[in-house]
Amino acid sequence: MPLPLIYHDDYSPEFPADHRFPMDKFRLLRDHLVDSGLTEDGQLLRPELCPAEILALAHEPGYIERYMSGALSREDQRRLGLPWNEALARRTVRAVGGSILAAEQALEHGLACHLAGGTHHAHYDYPAGFCIFNDLAVISHYLLASGRVNRVLIFDCDVHQGDGTARILHDTPDAITVSLHCEKNFPARKAQSDWDIPLPMGMGDADYLKVVGDADYLKVVDDALNYLLPLYQPDLVLYDAGVDVHKDDALGYLKLTDAGVAARDESVMRHCLGRDIPVMGVIGGGYSKDRPALARRHGILHHSAQRVWTSSGCH
């Protein structure tokens, strides 16, 4: 069977072309994966809307209602940084449904990837940083509450700390939050993950280091997984594969190359599958005015997953 990939046409609603958030990147990512021969549109799994009662496992019901009805306060609207309309609201709950479906596919087949997700700045009762509902926290509560898993580990490699995830799951001992992020970056006030690994600005990978010379990001990833996976032995890893670690990202401050991002993604998935731990990937953050280039950058996750899928004997 093909690698499970999850997408929906709701993911890129009409959006202001000059907005800082690249809403069309999800559609362009789908187009890139089809054009590059990785998948066909008909093979992509289409998720349902996430029901409000499942969102409420990680979010205040009143906040869910305020957002869905377009009644956020001016302060919350400022924190979010996205305009409200019904299509964006539908997109938001559809994308959480997509991350849940990706997690379920990973539990069934060993590996699955979403063409969206990673909304790790959303908090229990307010949005932040382009994130409305926190798919990583929702999945964790949903799978733990249903008994599908006994322990989940979130391995967040977005360049920004997963502060919302850390706060929502702070009192959930069976959801382990791990955040590798640039220390001098958004959010200014960090939360406390179970494991925070703050990285210095300008840190890169082996290809970049041939030019500048510095500490190696990929060694940090390997060392963290070699320590944490045997320590916690999770039943599922949720991997946030943010590409805002890339040297050309508009909001990043780390210096990974395309090859470094691919090596990171393959490493995370091989570490998990080598220990018989299912892993699902979400795309996380990535920001650029060159939207096709950004879509190709996000697609590194799915191409890396395909290589791992082919060689691992999942399915």
# chains A, B, ... in the order shown; residues from 1 in each chain; ligands from 1
$ residues_around --residues "Tyr124 (chain A)" --least-positions-apart "5" --cutoff "9 Å" --atoms "only C-alpha atoms" --output "CSV table (one decimal) with all heavy atoms, in the first residue's frame"
chain,number,residue,atom,x,y,z
A,58,ALA,N,-8.8,19.3,24.8
A,58,ALA,CA,-7.6,20.1,25.0
A,58,ALA,C,-7.9,21.6,25.1
A,58,ALA,O,-7.0,22.4,25.3
A,58,ALA,CB,-6.6,19.9,23.9
A,59,HIS,N,-9.1,22.0,24.8
A,59,HIS,CA,-9.5,23.4,24.8
A,59,HIS,C,-10.7,23.8,25.6
A,59,HIS,O,-11.6,22.9,25.6
A,59,HIS,CB,-9.6,23.9,23.3
A,59,HIS,CG,-8.4,23.9,22.6
A,59,HIS,ND1,-7.4,24.8,22.7
A,59,HIS,CD2,-7.9,23.1,21.6
A,59,HIS,CE1,-6.4,24.6,21.9
A,59,HIS,NE2,-6.6,23.5,21.2
A,60,GLU,N,-10.8,25.0,26.1
A,60,GLU,CA,-12.0,25.4,26.8
A,60,GLU,C,-13.2,25.5,25.9
A,60,GLU,O,-13.1,26.1,24.8
A,60,GLU,CB,-11.7,26.8,27.4
A,60,GLU,CG,-12.9,27.3,28.2
A,60,GLU,CD,-12.8,28.8,28.4
A,60,GLU,OE1,-12.4,29.5,27.5
A,60,GLU,OE2,-13.2,29.2,29.5
A,63,TYR,N,-14.0,28.9,24.6
A,63,TYR,CA,-13.0,29.4,23.6
A,63,TYR,C,-13.4,28.8,22.2
A,63,TYR,O,-13.4,29.5,21.2
A,63,TYR,CB,-11.6,29.1,24.0
A,63,TYR,CG,-10.6,29.2,22.8
A,63,TYR,CD1,-10.5,30.4,22.1
A,63,TYR,CD2,-9.8,28.2,22.5
A,63,TYR,CE1,-9.6,30.5,21.1
A,63,TYR,CE2,-8.9,28.3,21.4
A,63,TYR,CZ,-8.8,29.5,20.7
A,63,TYR,OH,-7.9,29.6,19.7
A,133,PHE,N,-6.3,26.0,17.2
A,133,PHE,CA,-6.5,24.8,18.0
A,133,PHE,C,-5.2,23.9,17.9
A,133,PHE,O,-4.7,23.8,16.8
A,133,PHE,CB,-7.7,24.0,17.6
A,133,PHE,CG,-9.0,24.7,17.7
A,133,PHE,CD1,-9.9,24.8,16.6
A,133,PHE,CD2,-9.4,25.4,18.8
A,133,PHE,CE1,-11.1,25.5,16.7
A,133,PHE,CE2,-10.5,26.1,18.9
A,133,PHE,CZ,-11.4,26.2,17.9
A,134,ASN,N,-4.8,23.4,19.0
A,134,ASN,CA,-3.5,22.7,19.1
A,134,ASN,C,-3.7,21.2,18.8
A,134,ASN,O,-4.1,20.4,19.6
A,134,ASN,CB,-2.9,22.8,20.5
A,134,ASN,CG,-1.5,22.4,20.6
A,134,ASN,OD1,-1.1,21.3,20.2
A,134,ASN,ND2,-0.7,23.3,21.2
A,164,GLY,N,2.3,26.4,23.5
A,164,GLY,CA,1.0,26.0,23.8
A,164,GLY,C,0.9,24.5,24.1
A,164,GLY,O,0.2,24.1,25.1
A,165,THR,N,1.6,23.7,23.4
A,165,THR,CA,1.6,22.2,23.7
A,165,THR,C,2.1,22.0,25.1
A,165,THR,O,1.5,21.2,25.8
A,165,THR,CB,2.4,21.5,22.7
A,165,THR,OG1,2.2,22.0,21.4
A,165,THR,CG2,2.2,20.0,22.7
A,167,ARG,N,2.1,23.9,27.7
A,167,ARG,CA,1.2,24.4,28.8
A,167,ARG,C,-0.1,23.5,28.9
A,167,ARG,O,-0.5,23.1,30.0
A,167,ARG,CB,0.8,25.8,28.6
A,167,ARG,CG,2.0,26.8,28.8
A,167,ARG,CD,1.6,28.2,29.1
A,167,ARG,NE,2.8,29.0,29.4
A,167,ARG,CZ,3.4,29.8,28.6
A,167,ARG,NH1,3.0,29.9,27.3
A,167,ARG,NH2,4.5,30.5,29.0
A,168,ILE,N,-0.6,23.1,27.7
A,168,ILE,CA,-1.9,22.3,27.7
A,168,ILE,C,-1.6,20.9,28.4
A,168,ILE,O,-2.4,20.4,29.1
A,168,ILE,CB,-2.4,22.2,26.3
A,168,ILE,CG1,-3.0,23.5,25.8
A,168,ILE,CG2,-3.6,21.1,26.3
A,168,ILE,CD1,-3.4,23.4,24.4
$ residues_around --residues "Leu254 (chain A)" --least-positions-apart "2" --cutoff "6 Å" --atoms "only C-alpha atoms" --output "VMD selection string"
chain A and resid 201 to 203 245 252
$ closest_residue --among "A:Lys184, A:Arg20, A:His302, A:Arg151" --to "Met280 (chain A)" --atoms "only C-alpha atoms"
A:His302
$ select_by_dssp --residues "region 18-163 of chain A" --states "strand (DSSP E or B)" --output "list of chain:residue names"
A:Leu45, A:Leu111, A:Ala112, A:Cys113, A:His114, A:Ala128, A:Cys131, A:Val152, A:Leu153, A:Ile154, A:Phe155, A:Asp156
$ residues_around --residues "Ser69 (chain A)" --least-positions-apart "2" --cutoff "10 Å" --atoms "only C-alpha atoms" --output "list in words"
Tyr63, Ile64, Glu65, Arg66, Tyr67, Ala71, Leu72, Trp84, Asn85, Glu86 and Ala89 of chain A
$ residues_around --residues "Ala305 (chain A)" --least-positions-apart "5" --cutoff "8 Å" --atoms "only C-alpha atoms" --output "PyMOL selection string"
chain A and resi 3+111-113+265-266+269
$ write_last_selection --atoms "N, CA, C and O atoms" --output "PDB file, in the first residue's frame"
ATOM      1  N   LEU A   3       2.306   4.986   1.127  1.00  0.00           N
ATOM      2  CA  LEU A   3       2.477   5.728   2.379  1.00  0.00           C
ATOM      3  C   LEU A   3       1.218   6.541   2.660  1.00  0.00           C
ATOM      4  O   LEU A   3       0.756   7.292   1.792  1.00  0.00           O
ATOM      5  N   LEU A 111       3.686   4.433  10.063  1.00  0.00           N
ATOM      6  CA  LEU A 111       4.141   5.749   9.607  1.00  0.00           C
ATOM      7  C   LEU A 111       3.035   6.401   8.800  1.00  0.00           C
ATOM      8  O   LEU A 111       2.361   5.739   7.999  1.00  0.00           O
ATOM      9  N   ALA A 112       2.845   7.695   9.001  1.00  0.00           N
ATOM     10  CA  ALA A 112       1.891   8.470   8.214  1.00  0.00           C
ATOM     11  C   ALA A 112       2.299   9.930   8.309  1.00  0.00           C
ATOM     12  O   ALA A 112       2.938  10.353   9.278  1.00  0.00           O
ATOM     13  N   CYS A 113       1.911  10.714   7.300  1.00  0.00           N
ATOM     14  CA  CYS A 113       2.252  12.142   7.291  1.00  0.00           C
ATOM     15  C   CYS A 113       1.044  12.970   6.875  1.00  0.00           C
ATOM     16  O   CYS A 113       0.287  12.593   5.977  1.00  0.00           O
ATOM     17  N   ASP A 265      14.624  14.709   9.080  1.00  0.00           N
ATOM     18  CA  ASP A 265      13.351  13.996   8.983  1.00  0.00           C
ATOM     19  C   ASP A 265      13.569  12.483   8.917  1.00  0.00           C
ATOM     20  O   ASP A 265      12.890  11.712   9.604  1.00  0.00           O
ATOM     21  N   GLU A 266      14.500  12.052   8.089  1.00  0.00           N
ATOM     22  CA  GLU A 266      14.785  10.614   7.997  1.00  0.00           C
ATOM     23  C   GLU A 266      15.272  10.072   9.335  1.00  0.00           C
ATOM     24  O   GLU A 266      14.886   8.971   9.748  1.00  0.00           O
ATOM     25  N   MET A 269      12.380   9.554  11.857  1.00  0.00           N
ATOM     26  CA  MET A 269      11.514   8.420  11.515  1.00  0.00           C
ATOM     27  C   MET A 269      12.244   7.090  11.675  1.00  0.00           C
ATOM     28  O   MET A 269      11.663   6.109  12.155  1.00  0.00           O
TER      29      MET A 269
END
$ closest_atom_pairs --of "region 233-283 of chain A" --to "region 216-223 of chain A" --cutoff "8 Å" --atoms "only C-alpha atoms" --output "JSON lines"
{"residue": "A:Gly260", "atom": "CA", "partner": "A:Leu218", "partner_atom": "CA", "distance": 7.4}
{"residue": "A:Ala263", "atom": "CA", "partner": "A:Leu218", "partner_atom": "CA", "distance": 7.6}
{"residue": "A:Arg264", "atom": "CA", "partner": "A:Leu218", "partner_atom": "CA", "distance": 6.1}
{"residue": "A:Ser267", "atom": "CA", "partner": "A:Asp222", "partner_atom": "CA", "distance": 7.2}
{"residue": "A:Val268", "atom": "CA", "partner": "A:Val221", "partner_atom": "CA", "distance": 7.7}
$ closest_atom_pairs --of "region 155-177 of chain A" --to "region 137-150 of chain A" --cutoff "12 Å" --atoms "only C-alpha atoms" --output "CSV"
residue,atom,partner,partner_atom,distance
A:Gly162,CA,A:Ala137,CA,10.4
A:Asp163,CA,A:Ala137,CA,11.1
A:Gly164,CA,A:Ala137,CA,8.5
A:Thr165,CA,A:Ala137,CA,5.7
A:Ala166,CA,A:Ala137,CA,8.6
A:Arg167,CA,A:Ala137,CA,9.5
A:Ile168,CA,A:Ala137,CA,6.7
A:Leu169,CA,A:Ala137,CA,6.6
A:His170,CA,A:Ala137,CA,10.4
A:Asp171,CA,A:His141,CA,11.3
A:Thr172,CA,A:His141,CA,8.4
A:Pro173,CA,A:Asn150,CA,10.4
A:Asp174,CA,A:Asn150,CA,6.8
A:Ala175,CA,A:Ser140,CA,6.4
A:Ile176,CA,A:Ser140,CA,9.4
A:Thr177,CA,A:Ala137,CA,9.6
$ write_last_selection --atoms "N, CA and C atoms" --output "PDB file, in the first residue's frame"
ATOM      1  N   GLY A 162       7.306  24.993  21.240  1.00  0.00           N
ATOM      2  CA  GLY A 162       5.911  24.581  21.291  1.00  0.00           C
ATOM      3  C   GLY A 162       5.283  24.939  22.619  1.00  0.00           C
ATOM      4  N   ASP A 163       5.092  26.230  22.852  1.00  0.00           N
ATOM      5  CA  ASP A 163       4.671  26.711  24.166  1.00  0.00           C
ATOM      6  C   ASP A 163       3.243  26.315  24.510  1.00  0.00           C
ATOM      7  N   GLY A 164       2.345  26.375  23.519  1.00  0.00           N
ATOM      8  CA  GLY A 164       0.966  25.984  23.795  1.00  0.00           C
ATOM      9  C   GLY A 164       0.858  24.510  24.144  1.00  0.00           C
ATOM     10  N   THR A 165       1.570  23.674  23.406  1.00  0.00           N
ATOM     11  CA  THR A 165       1.567  22.236  23.683  1.00  0.00           C
ATOM     12  C   THR A 165       2.074  21.962  25.087  1.00  0.00           C
ATOM     13  N   ALA A 166       3.170  22.615  25.444  1.00  0.00           N
ATOM     14  CA  ALA A 166       3.767  22.401  26.765  1.00  0.00           C
ATOM     15  C   ALA A 166       2.801  22.783  27.877  1.00  0.00           C
ATOM     16  N   ARG A 167       2.096  23.902  27.706  1.00  0.00           N
ATOM     17  CA  ARG A 167       1.194  24.356  28.773  1.00  0.00           C
ATOM     18  C   ARG A 167      -0.059  23.488  28.859  1.00  0.00           C
ATOM     19  N   ILE A 168      -0.642  23.137  27.719  1.00  0.00           N
ATOM     20  CA  ILE A 168      -1.855  22.321  27.749  1.00  0.00           C
ATOM     21  C   ILE A 168      -1.570  20.945  28.367  1.00  0.00           C
ATOM     22  N   LEU A 169      -0.397  20.379  28.058  1.00  0.00           N
ATOM     23  CA  LEU A 169      -0.078  19.017  28.502  1.00  0.00           C
ATOM     24  C   LEU A 169       0.779  18.975  29.758  1.00  0.00           C
ATOM     25  N   HIS A 170       0.923  20.130  30.419  1.00  0.00           N
ATOM     26  CA  HIS A 170       1.822  20.204  31.579  1.00  0.00           C
ATOM     27  C   HIS A 170       1.468  19.198  32.667  1.00  0.00           C
ATOM     28  N   ASP A 171       0.174  18.983  32.861  1.00  0.00           N
ATOM     29  CA  ASP A 171      -0.284  18.073  33.926  1.00  0.00           C
ATOM     30  C   ASP A 171      -0.734  16.720  33.379  1.00  0.00           C
ATOM     31  N   THR A 172      -0.239  16.362  32.211  1.00  0.00           N
ATOM     32  CA  THR A 172      -0.550  15.064  31.602  1.00  0.00           C
ATOM     33  C   THR A 172       0.749  14.266  31.501  1.00  0.00           C
ATOM     34  N   PRO A 173       1.082  13.485  32.542  1.00  0.00           N
ATOM     35  CA  PRO A 173       2.394  12.844  32.592  1.00  0.00           C
ATOM     36  C   PRO A 173       2.655  11.848  31.473  1.00  0.00           C
ATOM     37  N   ASP A 174       1.608  11.311  30.854  1.00  0.00           N
ATOM     38  CA  ASP A 174       1.814  10.324  29.794  1.00  0.00           C
ATOM     39  C   ASP A 174       1.921  10.956  28.400  1.00  0.00           C
ATOM     40  N   ALA A 175       1.927  12.290  28.348  1.00  0.00           N
ATOM     41  CA  ALA A 175       2.209  13.015  27.105  1.00  0.00           C
ATOM     42  C   ALA A 175       3.507  13.783  27.320  1.00  0.00           C
ATOM     43  N   ILE A 176       4.577  13.307  26.718  1.00  0.00           N
ATOM     44  CA  ILE A 176       5.913  13.871  26.925  1.00  0.00           C
ATOM     45  C   ILE A 176       6.167  14.927  25.860  1.00  0.00           C
ATOM     46  N   THR A 177       6.431  16.161  26.283  1.00  0.00           N
ATOM     47  CA  THR A 177       6.668  17.252  25.335  1.00  0.00           C
ATOM     48  C   THR A 177       8.164  17.533  25.240  1.00  0.00           C
TER      49      THR A 177
END
$ residues_around --residues "Val243 (chain A)" --least-positions-apart "5" --cutoff "7 Å" --atoms "only C-alpha atoms" --output "list in words"
Asp158, Gly285, Gly286, Arg297 and His298 of chain A
$ residues_around --residues "region 24-27 of chain A" --least-positions-apart "5" --cutoff "12 Å" --atoms "only C-alpha atoms" --output "PDB file with C-alpha atoms, in the first residue's frame"
ATOM      1  CA  ILE A   6      -3.583  13.148   4.622  1.00  0.00           C
ATOM      2  CA  TYR A   7      -4.894  16.261   2.857  1.00  0.00           C
ATOM      3  CA  HIS A   8      -8.118  18.170   2.178  1.00  0.00           C
ATOM      4  CA  ASP A   9      -9.049  20.879  -0.310  1.00  0.00           C
ATOM      5  CA  ASP A  10     -10.313  22.971   2.630  1.00  0.00           C
ATOM      6  CA  TYR A  11      -6.705  23.550   3.732  1.00  0.00           C
ATOM      7  CA  SER A  12      -6.033  26.601   1.528  1.00  0.00           C
ATOM      8  CA  PRO A  13      -9.127  28.828   1.647  1.00  0.00           C
ATOM      9  CA  GLU A  14      -9.162  32.208  -0.085  1.00  0.00           C
ATOM     10  CA  PHE A  15      -6.754  34.449   1.802  1.00  0.00           C
ATOM     11  CA  PRO A  16      -5.123  37.889   1.434  1.00  0.00           C
ATOM     12  CA  ALA A  17      -2.213  37.361  -0.986  1.00  0.00           C
ATOM     13  CA  ASP A  18       0.063  39.760   0.907  1.00  0.00           C
ATOM     14  CA  HIS A  19      -0.563  38.220   4.355  1.00  0.00           C
ATOM     15  CA  HIS A  32       4.295  19.516  -5.562  1.00  0.00           C
ATOM     16  CA  LEU A  33       3.876  15.981  -4.194  1.00  0.00           C
ATOM     17  CA  VAL A  34       1.643  15.030  -7.125  1.00  0.00           C
ATOM     18  CA  ASP A  41      -4.517  13.138  -5.630  1.00  0.00           C
ATOM     19  CA  ARG A  91     -10.246  24.695   7.590  1.00  0.00           C
ATOM     20  CA  ALA A  95      -6.908  20.214   9.836  1.00  0.00           C
ATOM     21  CA  HIS A 114      -0.127  15.087   7.215  1.00  0.00           C
ATOM     22  CA  LEU A 115       0.109  17.868   4.622  1.00  0.00           C
ATOM     23  CA  ALA A 116      -0.714  20.361   7.391  1.00  0.00           C
ATOM     24  CA  GLY A 117      -0.691  20.451  11.222  1.00  0.00           C
ATOM     25  CA  VAL A 282       3.027  17.199  10.630  1.00  0.00           C
ATOM     26  CA  ILE A 283       4.569  20.021   8.633  1.00  0.00           C
ATOM     27  CA  GLY A 284       4.772  22.757  11.283  1.00  0.00           C
ATOM     28  CA  GLY A 285       6.035  26.229  10.456  1.00  0.00           C
ATOM     29  CA  GLY A 286       7.619  27.561   7.290  1.00  0.00           C
ATOM     30  CA  TYR A 287       7.556  31.129   6.005  1.00  0.00           C
ATOM     31  CA  SER A 288       8.666  32.592   2.685  1.00  0.00           C
ATOM     32  CA  LYS A 289       7.356  34.932   0.018  1.00  0.00           C
ATOM     33  CA  ASP A 290       8.520  32.349  -2.532  1.00  0.00           C
ATOM     34  CA  ARG A 291       5.552  30.034  -1.996  1.00  0.00           C
ATOM     35  CA  PRO A 292       6.512  27.284  -4.494  1.00  0.00           C
ATOM     36  CA  ALA A 293       9.981  27.061  -2.909  1.00  0.00           C
ATOM     37  CA  LEU A 294       8.347  26.849   0.524  1.00  0.00           C
ATOM     38  CA  ALA A 295       6.027  24.061  -0.663  1.00  0.00           C
ATOM     39  CA  ARG A 296       9.038  22.089  -1.931  1.00  0.00           C
ATOM     40  CA  ARG A 297      10.737  22.619   1.422  1.00  0.00           C
ATOM     41  CA  HIS A 298       7.716  21.239   3.292  1.00  0.00           C
ATOM     42  CA  GLY A 299       7.636  18.334   0.849  1.00  0.00           C
TER      43      GLY A 299
END
$ closest_residue --among "A:Arg30, A:Arg90, A:His181, A:Arg270" --to "Trp309 (chain A)" --atoms "only C-alpha atoms"
A:Arg270
